[in-house]
$ cat structure12.cif   # mmCIF, C-alpha atoms and all ligand atoms
data_entry
#
loop_
_atom_site.label_atom_id
_atom_site.label_comp_id
_atom_site.auth_asym_id
_atom_site.auth_seq_id
_atom_site.Cartn_x
_atom_site.Cartn_y
_atom_site.Cartn_z
CA MET N 1 -74.63 2.70 -14.15
CA ASN N 2 -74.91 5.99 -12.27
CA LEU N 3 -73.78 6.08 -8.63
CA LYS N 4 -73.24 9.85 -8.49
CA GLY N 5 -74.29 11.34 -5.15
CA ARG N 6 -74.57 7.96 -3.40
CA ASN N 7 -73.07 7.24 0.02
CA PHE N 8 -70.93 4.12 0.51
CA LEU N 9 -71.78 2.97 4.05
CA THR N 10 -72.36 -0.79 3.73
CA LEU N 11 -72.60 -3.19 0.79
CA LYS N 12 -76.16 -3.94 1.91
CA ASP N 13 -77.10 -0.71 0.11
CA PHE N 14 -75.67 -1.88 -3.24
CA SER N 15 -77.02 -4.35 -5.78
CA PRO N 16 -74.77 -7.11 -7.17
CA GLU N 17 -74.70 -5.22 -10.49
CA GLU N 18 -73.55 -2.03 -8.76
CA ILE N 19 -70.83 -3.91 -6.88
CA ARG N 20 -69.65 -5.59 -10.07
CA TYR N 21 -69.61 -2.18 -11.78
CA LEU N 22 -67.33 -0.81 -9.02
CA LEU N 23 -65.01 -3.80 -9.48
CA GLU N 24 -64.83 -3.16 -13.25
CA LEU N 25 -64.11 0.49 -12.65
CA ALA N 26 -61.37 -0.40 -10.16
CA ALA N 27 -59.79 -2.84 -12.63
CA ASP N 28 -59.83 -0.09 -15.24
CA TYR N 29 -58.16 2.40 -12.87
CA LYS N 30 -55.59 -0.26 -11.97
CA ARG N 31 -54.67 -0.71 -15.65
CA LYS N 32 -54.43 3.06 -16.10
CA LYS N 33 -52.20 3.42 -13.03
CA HIS N 34 -49.89 0.60 -14.16
CA ASP N 35 -49.73 2.03 -17.71
CA GLY N 36 -49.02 5.54 -16.44
CA VAL N 37 -52.23 6.92 -17.98
CA MET N 38 -53.39 10.07 -16.16
CA HIS N 39 -56.95 10.01 -14.82
CA ASP N 40 -57.25 13.29 -12.90
CA THR N 41 -60.82 13.94 -13.96
CA LEU N 42 -61.93 15.32 -10.57
CA ARG N 43 -59.56 18.31 -10.55
CA GLY N 44 -60.80 21.11 -8.31
CA LYS N 45 -62.64 18.83 -5.89
CA ASN N 46 -61.62 18.17 -2.27
CA VAL N 47 -62.30 15.38 0.19
CA ALA N 48 -62.11 15.18 4.00
CA LEU N 49 -60.67 12.04 5.58
CA ILE N 50 -61.78 11.54 9.19
CA PHE N 51 -59.94 8.84 11.14
CA GLU N 52 -61.05 8.27 14.73
CA LYS N 53 -59.09 4.99 14.63
CA THR N 54 -55.60 4.49 13.18
CA SER N 55 -54.92 3.28 9.64
CA THR N 56 -52.19 2.57 7.11
CA ARG N 57 -53.91 1.08 4.04
CA THR N 58 -57.24 2.89 4.12
CA ARG N 59 -55.79 6.33 4.72
CA CYS N 60 -53.10 5.92 2.06
CA SER N 61 -55.63 4.52 -0.40
CA PHE N 62 -57.96 7.49 0.02
CA GLU N 63 -55.07 9.97 -0.20
CA ILE N 64 -53.37 8.42 -3.26
CA GLY N 65 -56.70 7.66 -4.90
CA ALA N 66 -57.89 11.23 -4.43
CA HIS N 67 -54.59 12.72 -5.64
CA ASP N 68 -54.56 10.50 -8.75
CA LEU N 69 -58.09 11.74 -9.51
CA GLY N 70 -56.82 15.32 -9.18
CA MET N 71 -58.43 16.06 -5.82
CA GLY N 72 -57.14 17.71 -2.67
CA THR N 73 -57.35 15.93 0.71
CA THR N 74 -57.57 17.02 4.34
CA TYR N 75 -56.74 14.39 6.96
CA LEU N 76 -58.39 14.70 10.40
CA ASP N 77 -56.61 12.41 12.86
CA PRO N 78 -58.03 10.74 15.98
CA SER N 79 -57.11 13.68 18.21
CA GLY N 80 -56.75 16.69 15.92
CA SER N 81 -60.37 17.74 15.41
CA GLN N 82 -63.41 18.74 17.45
CA ILE N 83 -65.45 15.75 16.28
CA GLY N 84 -67.52 14.09 18.95
CA LYS N 85 -65.77 15.88 21.80
CA LYS N 86 -66.60 19.56 21.28
CA GLU N 87 -68.81 19.28 18.22
CA SER N 88 -71.61 16.85 17.40
CA ILE N 89 -71.55 14.63 14.32
CA LYS N 90 -74.58 16.49 12.96
CA ASP N 91 -72.80 19.86 13.18
CA THR N 92 -69.54 18.43 11.86
CA ALA N 93 -71.41 16.96 8.90
CA ARG N 94 -72.89 20.33 7.98
CA VAL N 95 -69.58 22.15 8.34
CA LEU N 96 -67.53 19.67 6.31
CA GLY N 97 -70.35 19.20 3.80
CA SER N 98 -70.21 22.91 3.02
CA MET N 99 -66.48 22.78 2.22
CA PHE N 100 -65.79 19.34 0.79
CA ASP N 101 -67.16 17.27 -2.10
CA GLY N 102 -66.94 13.98 -0.21
CA ILE N 103 -66.16 12.73 3.31
CA GLU N 104 -64.50 9.50 4.44
CA TYR N 105 -65.14 8.36 8.02
CA ARG N 106 -63.37 5.64 10.06
CA GLY N 107 -64.51 5.16 13.61
CA PHE N 108 -66.73 3.30 16.00
CA GLY N 109 -70.48 2.65 15.65
CA GLN N 110 -72.11 2.40 12.22
CA GLU N 111 -74.75 4.86 13.45
CA ILE N 112 -72.07 7.59 13.48
CA VAL N 113 -71.20 7.26 9.80
CA GLU N 114 -74.92 7.05 9.04
CA GLU N 115 -75.59 10.28 10.91
CA LEU N 116 -72.71 11.96 9.10
CA ALA N 117 -74.21 10.87 5.79
CA ARG N 118 -77.67 12.11 6.76
CA TYR N 119 -76.52 15.68 7.31
CA ALA N 120 -73.44 16.15 5.09
CA GLY N 121 -75.21 16.68 1.77
CA VAL N 122 -72.20 15.15 -0.04
CA PRO N 123 -71.20 11.48 -0.47
CA VAL N 124 -69.91 9.84 2.73
CA TRP N 125 -67.69 6.74 2.54
CA ASN N 126 -67.28 4.23 5.36
CA GLY N 127 -63.56 3.62 5.95
CA LEU N 128 -64.36 1.05 8.72
CA THR N 129 -66.78 0.96 11.60
CA ASN N 130 -67.20 -1.69 14.30
CA GLU N 131 -69.90 -3.31 12.18
CA TYR N 132 -68.72 -2.97 8.56
CA HIS N 133 -65.65 -2.45 6.36
CA PRO N 134 -67.15 -2.24 2.87
CA THR N 135 -64.19 -0.77 0.94
CA GLN N 136 -62.06 -3.72 2.11
CA ILE N 137 -64.52 -6.18 0.56
CA LEU N 138 -64.21 -4.57 -2.87
CA ALA N 139 -60.42 -5.05 -2.71
CA ASP N 140 -60.89 -8.66 -1.58
CA MET N 141 -63.31 -9.43 -4.41
CA LEU N 142 -61.05 -7.79 -7.00
CA THR N 143 -58.13 -9.91 -5.74
CA ILE N 144 -60.22 -13.09 -5.90
CA ARG N 145 -61.48 -12.27 -9.39
CA GLU N 146 -57.93 -11.64 -10.58
CA GLU N 147 -56.90 -15.06 -9.22
CA PHE N 148 -59.82 -17.20 -10.40
CA GLY N 149 -61.29 -15.11 -13.25
CA THR N 150 -64.71 -15.33 -11.61
CA LEU N 151 -66.47 -15.00 -8.27
CA GLU N 152 -69.64 -17.07 -8.63
CA GLY N 153 -69.51 -20.54 -7.14
CA LEU N 154 -66.19 -20.15 -5.31
CA ARG N 155 -65.92 -21.56 -1.78
CA PHE N 156 -64.91 -18.85 0.70
CA VAL N 157 -64.05 -19.71 4.31
CA TYR N 158 -63.66 -17.06 7.01
CA MET N 159 -61.92 -18.25 10.21
CA GLY N 160 -61.69 -16.46 13.56
CA ASP N 161 -63.75 -13.56 14.88
CA ALA N 162 -66.71 -13.61 12.46
CA ARG N 163 -69.02 -11.28 14.41
CA TYR N 164 -67.15 -8.03 13.76
CA ASN N 165 -66.66 -5.72 10.77
CA MET N 166 -64.74 -8.15 8.54
CA GLY N 167 -66.86 -11.24 9.12
CA ASN N 168 -70.07 -9.25 8.64
CA SER N 169 -68.94 -7.46 5.50
CA LEU N 170 -67.42 -10.53 3.86
CA MET N 171 -70.65 -12.45 4.45
CA ILE N 172 -72.61 -9.63 2.78
CA GLY N 173 -70.19 -9.36 -0.16
CA CYS N 174 -69.98 -13.11 -0.75
CA SER N 175 -73.73 -13.65 -0.54
CA LYS N 176 -74.44 -10.76 -2.95
CA LEU N 177 -71.88 -11.99 -5.48
CA GLY N 178 -72.70 -15.71 -5.51
CA LEU N 179 -69.84 -17.17 -3.48
CA HIS N 180 -70.37 -19.95 -0.94
CA PHE N 181 -69.56 -18.32 2.40
CA THR N 182 -68.59 -20.32 5.48
CA ALA N 183 -67.85 -18.81 8.89
CA CYS N 184 -65.68 -21.32 10.74
CA THR N 185 -65.27 -20.46 14.40
CA GLU N 186 -66.58 -21.12 17.88
CA SER N 187 -70.32 -20.46 17.82
CA LYS N 188 -70.13 -17.37 20.06
CA TYR N 189 -68.14 -15.68 17.26
CA PHE N 190 -70.73 -16.40 14.55
CA PRO N 191 -72.19 -13.29 12.84
CA ASN N 192 -75.45 -12.07 14.36
CA PRO N 193 -78.51 -14.11 13.34
CA GLU N 194 -80.38 -11.12 11.94
CA LEU N 195 -77.58 -10.35 9.49
CA VAL N 196 -77.24 -14.04 8.61
CA LYS N 197 -80.92 -14.06 7.69
CA ILE N 198 -80.54 -11.01 5.46
CA CYS N 199 -77.52 -12.58 3.76
CA GLU N 200 -79.37 -15.84 3.22
CA GLY N 201 -81.84 -13.76 1.23
CA TYR N 202 -79.00 -12.33 -0.90
CA ALA N 203 -77.53 -15.80 -1.38
CA LYS N 204 -80.85 -17.15 -2.59
CA GLU N 205 -80.81 -14.52 -5.36
CA SER N 206 -77.15 -14.96 -6.29
CA GLY N 207 -76.79 -18.74 -6.10
CA GLY N 208 -74.49 -18.57 -3.08
CA THR N 209 -74.88 -20.23 0.31
CA ILE N 210 -74.15 -19.39 3.95
CA THR N 211 -72.74 -21.98 6.35
CA LEU N 212 -71.80 -21.51 10.01
CA THR N 213 -69.69 -24.27 11.55
CA GLU N 214 -67.24 -25.01 14.35
CA ASN N 215 -65.67 -27.88 12.40
CA VAL N 216 -62.44 -26.82 10.65
CA GLU N 217 -61.99 -29.95 8.53
CA GLU N 218 -65.53 -29.82 7.20
CA ALA N 219 -65.32 -26.08 6.56
CA VAL N 220 -62.09 -25.93 4.60
CA LYS N 221 -62.50 -29.07 2.48
CA GLY N 222 -62.63 -27.82 -1.11
CA ALA N 223 -62.15 -24.16 -0.09
CA ASN N 224 -60.82 -21.76 -2.74
CA ILE N 225 -60.20 -18.85 -0.38
CA ILE N 226 -59.34 -18.94 3.32
CA TYR N 227 -59.56 -15.57 5.07
CA THR N 228 -58.86 -14.40 8.58
CA ASP N 229 -58.54 -11.16 10.57
CA VAL N 230 -57.07 -10.12 13.91
CA TRP N 231 -58.67 -11.71 16.99
CA VAL N 232 -59.01 -8.38 18.81
CA SER N 233 -60.14 -5.38 16.79
CA MET N 234 -59.38 -1.69 17.20
CA GLY N 235 -61.39 -0.21 20.06
CA GLU N 236 -61.75 -3.50 21.96
CA PRO N 237 -60.22 -3.65 25.46
CA ASP N 238 -56.88 -5.40 26.05
CA GLU N 239 -58.53 -7.67 28.63
CA VAL N 240 -60.18 -9.75 25.91
CA TRP N 241 -56.87 -11.04 24.50
CA GLU N 242 -56.63 -13.99 26.88
CA GLU N 243 -60.11 -15.27 26.09
CA ARG N 244 -59.65 -14.73 22.34
CA ILE N 245 -56.34 -16.60 22.29
CA ARG N 246 -57.90 -19.50 24.17
CA GLU N 247 -61.07 -19.66 22.10
CA LEU N 248 -59.76 -18.82 18.65
CA THR N 249 -56.44 -20.70 18.54
CA PRO N 250 -58.25 -23.78 17.11
CA TYR N 251 -59.24 -21.50 14.20
CA ARG N 252 -55.72 -20.23 13.41
CA VAL N 253 -54.86 -20.54 9.71
CA THR N 254 -51.95 -22.99 9.60
CA MET N 255 -50.35 -24.87 6.70
CA ASP N 256 -52.27 -27.97 7.83
CA VAL N 257 -55.49 -26.00 7.35
CA MET N 258 -54.38 -24.73 3.92
CA ASN N 259 -53.42 -28.28 2.89
CA MET N 260 -56.93 -29.55 3.70
CA ALA N 261 -58.39 -27.04 1.21
CA ASP N 262 -58.44 -27.12 -2.60
CA ASP N 263 -54.97 -27.30 -4.23
CA ASN N 264 -55.51 -23.82 -5.69
CA CYS N 265 -56.69 -22.29 -2.41
CA ILE N 266 -55.35 -18.81 -1.64
CA PHE N 267 -54.93 -17.07 1.70
CA LEU N 268 -56.27 -13.53 2.26
CA HIS N 269 -56.16 -11.16 5.25
CA CYS N 270 -57.27 -7.53 5.38
CA LEU N 271 -54.08 -6.70 7.38
CA PRO N 272 -52.51 -5.71 9.67
CA ALA N 273 -51.72 -9.30 10.74
CA PHE N 274 -50.06 -10.87 13.77
CA HIS N 275 -47.99 -13.56 12.06
CA ASP N 276 -44.60 -12.99 13.76
CA LEU N 277 -42.91 -10.93 16.46
CA GLY N 278 -42.42 -7.87 14.26
CA THR N 279 -45.06 -5.80 16.09
CA GLY N 280 -45.23 -4.24 19.55
CA ILE N 281 -48.51 -6.01 20.36
CA GLY N 282 -47.16 -9.30 18.98
CA ARG N 283 -44.13 -9.08 21.29
CA LYS N 284 -46.27 -8.19 24.32
CA ILE N 285 -48.54 -11.17 23.65
CA HIS N 286 -45.46 -13.36 23.24
CA GLU N 287 -44.11 -12.25 26.62
CA LYS N 288 -47.44 -12.85 28.33
CA TYR N 289 -48.71 -16.01 26.60
CA GLY N 290 -45.60 -17.48 24.95
CA ILE N 291 -47.01 -17.56 21.40
CA ASN N 292 -45.23 -16.24 18.29
CA GLU N 293 -48.14 -16.00 15.89
CA MET N 294 -51.85 -15.55 16.27
CA GLU N 295 -54.60 -15.71 13.62
CA VAL N 296 -52.23 -16.97 10.90
CA THR N 297 -48.85 -18.68 10.98
CA ASP N 298 -45.86 -16.97 9.46
CA GLU N 299 -45.47 -19.99 7.17
CA VAL N 300 -48.89 -19.40 5.57
CA PHE N 301 -48.54 -15.62 5.52
CA GLU N 302 -45.22 -15.83 3.65
CA SER N 303 -46.18 -18.80 1.45
CA ASP N 304 -46.94 -18.82 -2.28
CA LYS N 305 -50.62 -19.30 -1.34
CA SER N 306 -50.74 -15.85 0.22
CA ARG N 307 -52.13 -12.92 -1.80
CA VAL N 308 -52.19 -10.40 1.04
CA PHE N 309 -50.01 -7.78 -0.61
CA GLU N 310 -51.88 -7.95 -3.94
CA GLU N 311 -55.01 -7.50 -1.81
CA ALA N 312 -53.50 -4.48 -0.03
CA GLU N 313 -52.60 -2.81 -3.35
CA ASN N 314 -56.17 -3.36 -4.53
CA ARG N 315 -57.44 -1.23 -1.62
CA MET N 316 -56.23 1.82 -3.50
CA HIS N 317 -57.75 0.96 -6.89
CA THR N 318 -61.11 0.03 -5.38
CA ILE N 319 -61.31 3.05 -3.06
CA LYS N 320 -60.48 5.25 -6.04
CA ALA N 321 -63.37 3.63 -7.92
CA VAL N 322 -65.78 4.34 -5.04
CA MET N 323 -64.80 8.02 -4.93
CA ALA N 324 -64.88 8.37 -8.71
CA ALA N 325 -68.29 6.69 -9.10
CA THR N 326 -70.00 8.59 -6.30
CA LEU N 327 -68.49 11.96 -7.28
CA GLY N 328 -69.28 11.41 -10.97
CA ALA N 329 -65.73 11.36 -12.43
N1 LIG H 401 -57.17 -3.28 6.10
C1 LIG H 401 -57.20 -2.04 6.61
O1 LIG H 401 -58.24 -1.38 6.71
O2 LIG H 401 -55.98 -1.57 7.00
P1 LIG H 401 -55.70 -0.21 7.78
O3 LIG H 401 -56.28 -0.37 9.17
O4 LIG H 401 -54.21 -0.07 7.77
O5 LIG H 401 -56.39 0.91 7.05
N1 LIG H 402 -61.30 -6.13 12.53
C1 LIG H 402 -60.18 -5.23 12.37
C2 LIG H 402 -60.03 -4.84 10.93
C3 LIG H 402 -58.85 -3.95 10.64
C4 LIG H 402 -58.73 -3.60 9.19
C5 LIG H 402 -60.39 -4.00 13.25
O1 LIG H 402 -61.50 -3.48 13.29
O2 LIG H 402 -59.42 -3.60 13.92
#
$ encode --input "structure12.cif" --output "structure tokens" --more "lines below"
Ligand code: CP
Ligand code: NVA
Amino acid sequence: MNLKGRNFLTLKDFSPEEIRYLLELAADYKRKKHDGVMHDTLRGKNVALIFEKTSTRTRCSFEIGAHDLGMGTTYLDPSGSQIGKKESIKDTARVLGSMFDGIEYRGFGQEIVEELARYAGVPVWNGLTNEYHPTQILADMLTIREEFGTLEGLRFVYMGDARYNMGNSLMIGCSKLGLHFTACTESKYFPNPELVKICEGYAKESGGTITLTENVEEAVKGANIIYTDVWVSMGEPDEVWEERIRELTPYRVTMDVMNMADDNCIFLHCLPAFHDLGTGIGRKIHEKYGINEMEVTDEVFESDKSRVFEEAENRMHTIKAVMAATLGA
């Protein structure tokens, strides 16, 4: 398998075999890291990390992953560069592409990361756009495979806002890898029909299925994985909170929901999560709407069904695998 020189912009661009290869590579890097085996085979290379939105996991994963591989990193924060304000993406791409061996981009529209990739001349990795979050899906699939030993045939249920980056990307990943994907939410939050159609094509090849439903009981019966994400994503206006709380509360992941699923069902969340009053936004929402938890209850988040911190650790191993494969480690 040779992925050298490839961009990593959306999983739509990768075959199931290529995705499985990246998962194997990540598992191998994880073993090496845990065993203290050095793997700095990309010494002398450098990567640029552009973040137009904030991040904890993705930034740290790219930095630690790059350092473990022997590479240098330069972090460009949401305000500290000329990007988009004084310099176009096309010009930025050509400047950074002449200095760095790879570029990570987190920001707004998918078309921005695509334009960066078109002109950079070096691999560009999508660290989250409004539409897709492909590195997150690799971590999720690695976590699921570690739990169940397989991916094919598992029943995966996504609850909440399924028309944004996480819902879209999970539907792509599941349908490529043979899982049965269900989006369980109010119909206005279903993923866009065009993408559903594409994913139905992937599912046909892989043996998976796609289901969209508003019925929680039907959706979660027999589920192996229940997944959710924040109800309001980065870049969305504060005004939408009220509507989201009203419309998505029926799709909150509670212990009752988990208990309707398979006995072995696990809970996943890309994080950060609003499961208690430990965040500034969580407290503001509490003051305004009187609720303590949003997309997931604290009981589920902290329960023995939750694998969210294993999942977060896997961000690093999988992002390292993406950099290594596309830079030819
Ligand atoms: N899951 C995820 O992308 O987290 P960060 O926003 O902290 O990078
Ligand atoms: N949907 C969330 C994912 C964060 C990792 C957002 O875009 O803010």
$ closest_residue --input "structure12.cif" --among "N:Met255, N:Leu277, N:Met323, N:Leu42" --to "Gly290 of chain N" --atoms "only C-alpha atoms"
N:Leu277
$ residues_near_ligand --input "structure12.cif" --ligand "ligand LIG 402 (chain H)" --cutoff "7 Å" --atoms "all atoms listed in the file" --output "number ranges by chain"
N: 130, 164-166, 229-230, 232-234, 270-272
$ atom_distance --input "structure12.cif" --atom1 "atom CA of Ser303 of chain N" --atom2 "atom CA of Cys184 of chain N"
21.7 Å
$ atom_distance --input "structure12.cif" --atom1 "atom CA of His275 of chain N" --atom2 "atom CA of Arg145 of chain N"
25.4 Å
$ atom_distance --input "structure12.cif" --atom1 "atom CA of Ile103 of chain N" --atom2 "atom CA of Leu11 of chain N"
17.4 Å
$ residues_around --input "structure12.cif" --residues "Val253 of chain N" --least-positions-apart "5" --cutoff "12 Å" --atoms "all atoms listed in the file" --output "mmCIF file with C-alpha atoms, keeping the file's coordinate frame"
data_model
loop_
_atom_site.group_PDB
_atom_site.id
_atom_site.type_symbol
_atom_site.label_atom_id
_atom_site.label_comp_id
_atom_site.auth_asym_id
_atom_site.auth_seq_id
_atom_site.Cartn_x
_atom_site.Cartn_y
_atom_site.Cartn_z
ATOM 1 C CA VAL N 157 -64.050 -19.710 4.310
ATOM 2 C CA TYR N 158 -63.660 -17.060 7.010
ATOM 3 C CA MET N 159 -61.920 -18.250 10.210
ATOM 4 C CA GLY N 160 -61.690 -16.460 13.560
ATOM 5 C CA CYS N 184 -65.680 -21.320 10.740
ATOM 6 C CA THR N 185 -65.270 -20.460 14.400
ATOM 7 C CA VAL N 216 -62.440 -26.820 10.650
ATOM 8 C CA GLU N 217 -61.990 -29.950 8.530
ATOM 9 C CA VAL N 220 -62.090 -25.930 4.600
ATOM 10 C CA ILE N 225 -60.200 -18.850 -0.380
ATOM 11 C CA ILE N 226 -59.340 -18.940 3.320
ATOM 12 C CA TYR N 227 -59.560 -15.570 5.070
ATOM 13 C CA THR N 228 -58.860 -14.400 8.580
ATOM 14 C CA ASP N 229 -58.540 -11.160 10.570
ATOM 15 C CA VAL N 230 -57.070 -10.120 13.910
ATOM 16 C CA LEU N 248 -59.760 -18.820 18.650
ATOM 17 C CA MET N 258 -54.380 -24.730 3.920
ATOM 18 C CA ASN N 259 -53.420 -28.280 2.890
ATOM 19 C CA MET N 260 -56.930 -29.550 3.700
ATOM 20 C CA ALA N 261 -58.390 -27.040 1.210
ATOM 21 C CA ILE N 266 -55.350 -18.810 -1.640
ATOM 22 C CA PHE N 267 -54.930 -17.070 1.700
ATOM 23 C CA LEU N 268 -56.270 -13.530 2.260
ATOM 24 C CA HIS N 269 -56.160 -11.160 5.250
ATOM 25 C CA ALA N 273 -51.720 -9.300 10.740
ATOM 26 C CA PHE N 274 -50.060 -10.870 13.770
ATOM 27 C CA HIS N 275 -47.990 -13.560 12.060
ATOM 28 C CA GLU N 293 -48.140 -16.000 15.890
ATOM 29 C CA MET N 294 -51.850 -15.550 16.270
ATOM 30 C CA GLU N 295 -54.600 -15.710 13.620
ATOM 31 C CA VAL N 296 -52.230 -16.970 10.900
ATOM 32 C CA THR N 297 -48.850 -18.680 10.980
ATOM 33 C CA ASP N 298 -45.860 -16.970 9.460
ATOM 34 C CA GLU N 299 -45.470 -19.990 7.170
ATOM 35 C CA VAL N 300 -48.890 -19.400 5.570
ATOM 36 C CA PHE N 301 -48.540 -15.620 5.520
ATOM 37 C CA LYS N 305 -50.620 -19.300 -1.340
ATOM 38 C CA SER N 306 -50.740 -15.850 0.220
#
$ residues_near_ligand --input "structure12.cif" --ligand "ligand LIG 401 (chain H)" --cutoff "7 Å" --atoms "all atoms listed in the file" --output "short mmCIF file (atom, residue, chain, number, x, y, z; two decimals) with C-alpha atoms, in the coordinates of the input"
data_model
loop_
_atom_site.label_atom_id
_atom_site.label_comp_id
_atom_site.auth_asym_id
_atom_site.auth_seq_id
_atom_site.Cartn_x
_atom_site.Cartn_y
_atom_site.Cartn_z
CA THR N 54 -55.60 4.49 13.18
CA SER N 55 -54.92 3.28 9.64
CA THR N 56 -52.19 2.57 7.11
CA ARG N 57 -53.91 1.08 4.04
CA THR N 58 -57.24 2.89 4.12
CA ARG N 59 -55.79 6.33 4.72
CA LEU N 128 -64.36 1.05 8.72
CA GLN N 136 -62.06 -3.72 2.11
CA CYS N 270 -57.27 -7.53 5.38
CA LEU N 271 -54.08 -6.70 7.38
CA PRO N 272 -52.51 -5.71 9.67
#
$ closest_residue --input "structure12.cif" --among "N:Cys60, N:Ala48, N:Leu25, N:Ala203" --to "Lys176 of chain N" --atoms "all atoms listed in the file"
N:Ala203
$ axis_aligned_box --input "structure12.cif" --around "segment 227-237 of chain N" --padding-each-side "3 Å" --output "JSON"
{"center_x": -59.4, "center_y": -7.9, "center_z": 15.3, "size_x": 10.7, "size_y": 21.4, "size_z": 26.4}
$ closest_residue --input "structure12.cif" --among "N:Asn314, N:Gln82, N:Ser15, N:Asn2" --to "Ile172 of chain N" --atoms "all atoms listed in the file"
N:Ser15
$ closest_residue --input "structure12.cif" --among "N:Ala27, N:Ile281, N:Ala162, N:Val47" --to "Gly70 of chain N" --atoms "all atoms listed in the file"
N:Val47
$ closest_residue --input "structure12.cif" --among "N:Lys204, N:Ile19, N:Glu214, N:Val124" --to "Pro250 of chain N" --atoms "only C-alpha atoms"
N:Glu214
$ closest_residue --input "structure12.cif" --among "N:Thr150, N:Asn292, N:Asn168, N:Thr182" --to "Leu23 of chain N" --atoms "all atoms listed in the file"
N:Thr150
$ residues_around --input "structure12.cif" --residues "Glu152 of chain N" --least-positions-apart "3" --cutoff "10 Å" --atoms "all atoms listed in the file" --output "PyMOL selection string"
chain N and resi 145+148-149+155+174-180+206-208
$ residues_around --input "structure12.cif" --residues "segment 29-41 of chain N" --least-positions-apart "6" --cutoff "6 Å" --atoms "only C-alpha atoms" --output "list in words"
Asp68, Leu69, Gly70, His317 and Ala329 of chain N
$ residues_around --input "structure12.cif" --residues "Asp77 of chain N" --least-positions-apart "2" --cutoff "6 Å" --atoms "all atoms listed in the file" --output "PyMOL selection string"
chain N and resi 51+79-80
$ write_last_selection --input "structure12.cif" --atoms "C-alpha atoms" --output "short mmCIF file (atom, residue, chain, number, x, y, z; two decimals), in the frame of the given file"
data_model
loop_
_atom_site.label_atom_id
_atom_site.label_comp_id
_atom_site.auth_asym_id
_atom_site.auth_seq_id
_atom_site.Cartn_x
_atom_site.Cartn_y
_atom_site.Cartn_z
CA PHE N 51 -59.94 8.84 11.14
CA SER N 79 -57.11 13.68 18.21
CA GLY N 80 -56.75 16.69 15.92
#
$ decode --input "structure12.cif" --residues "segment 132-142 of chain N" --atoms "N, CA, C and O atoms" --output "PDB file, in the first residue's frame"
ATOM      1  N   TYR N 132     -16.513  17.923   7.106  1.00  0.00           N
ATOM      2  CA  TYR N 132     -15.882  16.616   7.382  1.00  0.00           C
ATOM      3  C   TYR N 132     -14.857  16.704   8.510  1.00  0.00           C
ATOM      4  O   TYR N 132     -14.234  17.747   8.722  1.00  0.00           O
ATOM      5  N   HIS N 133     -14.651  15.552   9.177  1.00  0.00           N
ATOM      6  CA  HIS N 133     -13.612  15.437  10.206  1.00  0.00           C
ATOM      7  C   HIS N 133     -12.963  14.047  10.069  1.00  0.00           C
ATOM      8  O   HIS N 133     -13.116  13.193  10.943  1.00  0.00           O
ATOM      9  N   PRO N 134     -12.245  13.833   8.971  1.00  0.00           N
ATOM     10  CA  PRO N 134     -11.827  12.455   8.660  1.00  0.00           C
ATOM     11  C   PRO N 134     -10.817  11.829   9.628  1.00  0.00           C
ATOM     12  O   PRO N 134     -10.849  10.611   9.831  1.00  0.00           O
ATOM     13  N   THR N 135      -9.932  12.636  10.235  1.00  0.00           N
ATOM     14  CA  THR N 135      -8.964  11.995  11.152  1.00  0.00           C
ATOM     15  C   THR N 135      -9.691  11.460  12.392  1.00  0.00           C
ATOM     16  O   THR N 135      -9.281  10.456  12.965  1.00  0.00           O
ATOM     17  N   GLN N 136     -10.782  12.111  12.782  1.00  0.00           N
ATOM     18  CA  GLN N 136     -11.553  11.642  13.942  1.00  0.00           C
ATOM     19  C   GLN N 136     -12.122  10.237  13.679  1.00  0.00           C
ATOM     20  O   GLN N 136     -12.150   9.392  14.567  1.00  0.00           O
ATOM     21  N   ILE N 137     -12.546  10.015  12.453  1.00  0.00           N
ATOM     22  CA  ILE N 137     -13.187   8.724  12.129  1.00  0.00           C
ATOM     23  C   ILE N 137     -12.200   7.583  12.242  1.00  0.00           C
ATOM     24  O   ILE N 137     -12.540   6.478  12.677  1.00  0.00           O
ATOM     25  N   LEU N 138     -10.939   7.837  11.863  1.00  0.00           N
ATOM     26  CA  LEU N 138      -9.933   6.771  12.001  1.00  0.00           C
ATOM     27  C   LEU N 138      -9.787   6.384  13.472  1.00  0.00           C
ATOM     28  O   LEU N 138      -9.706   5.196  13.812  1.00  0.00           O
ATOM     29  N   ALA N 139      -9.746   7.384  14.355  1.00  0.00           N
ATOM     30  CA  ALA N 139      -9.630   7.110  15.796  1.00  0.00           C
ATOM     31  C   ALA N 139     -10.843   6.338  16.299  1.00  0.00           C
ATOM     32  O   ALA N 139     -10.725   5.411  17.108  1.00  0.00           O
ATOM     33  N   ASP N 140     -12.034   6.719  15.800  1.00  0.00           N
ATOM     34  CA  ASP N 140     -13.263   6.048  16.227  1.00  0.00           C
ATOM     35  C   ASP N 140     -13.249   4.581  15.790  1.00  0.00           C
ATOM     36  O   ASP N 140     -13.591   3.688  16.565  1.00  0.00           O
ATOM     37  N   MET N 141     -12.831   4.354  14.547  1.00  0.00           N
ATOM     38  CA  MET N 141     -12.821   2.978  14.020  1.00  0.00           C
ATOM     39  C   MET N 141     -11.766   2.122  14.729  1.00  0.00           C
ATOM     40  O   MET N 141     -11.990   0.945  14.991  1.00  0.00           O
ATOM     41  N   LEU N 142     -10.629   2.730  15.048  1.00  0.00           N
ATOM     42  CA  LEU N 142      -9.600   1.981  15.790  1.00  0.00           C
ATOM     43  C   LEU N 142     -10.146   1.585  17.166  1.00  0.00           C
ATOM     44  O   LEU N 142      -9.973   0.440  17.614  1.00  0.00           O
TER      45      LEU N 142
END
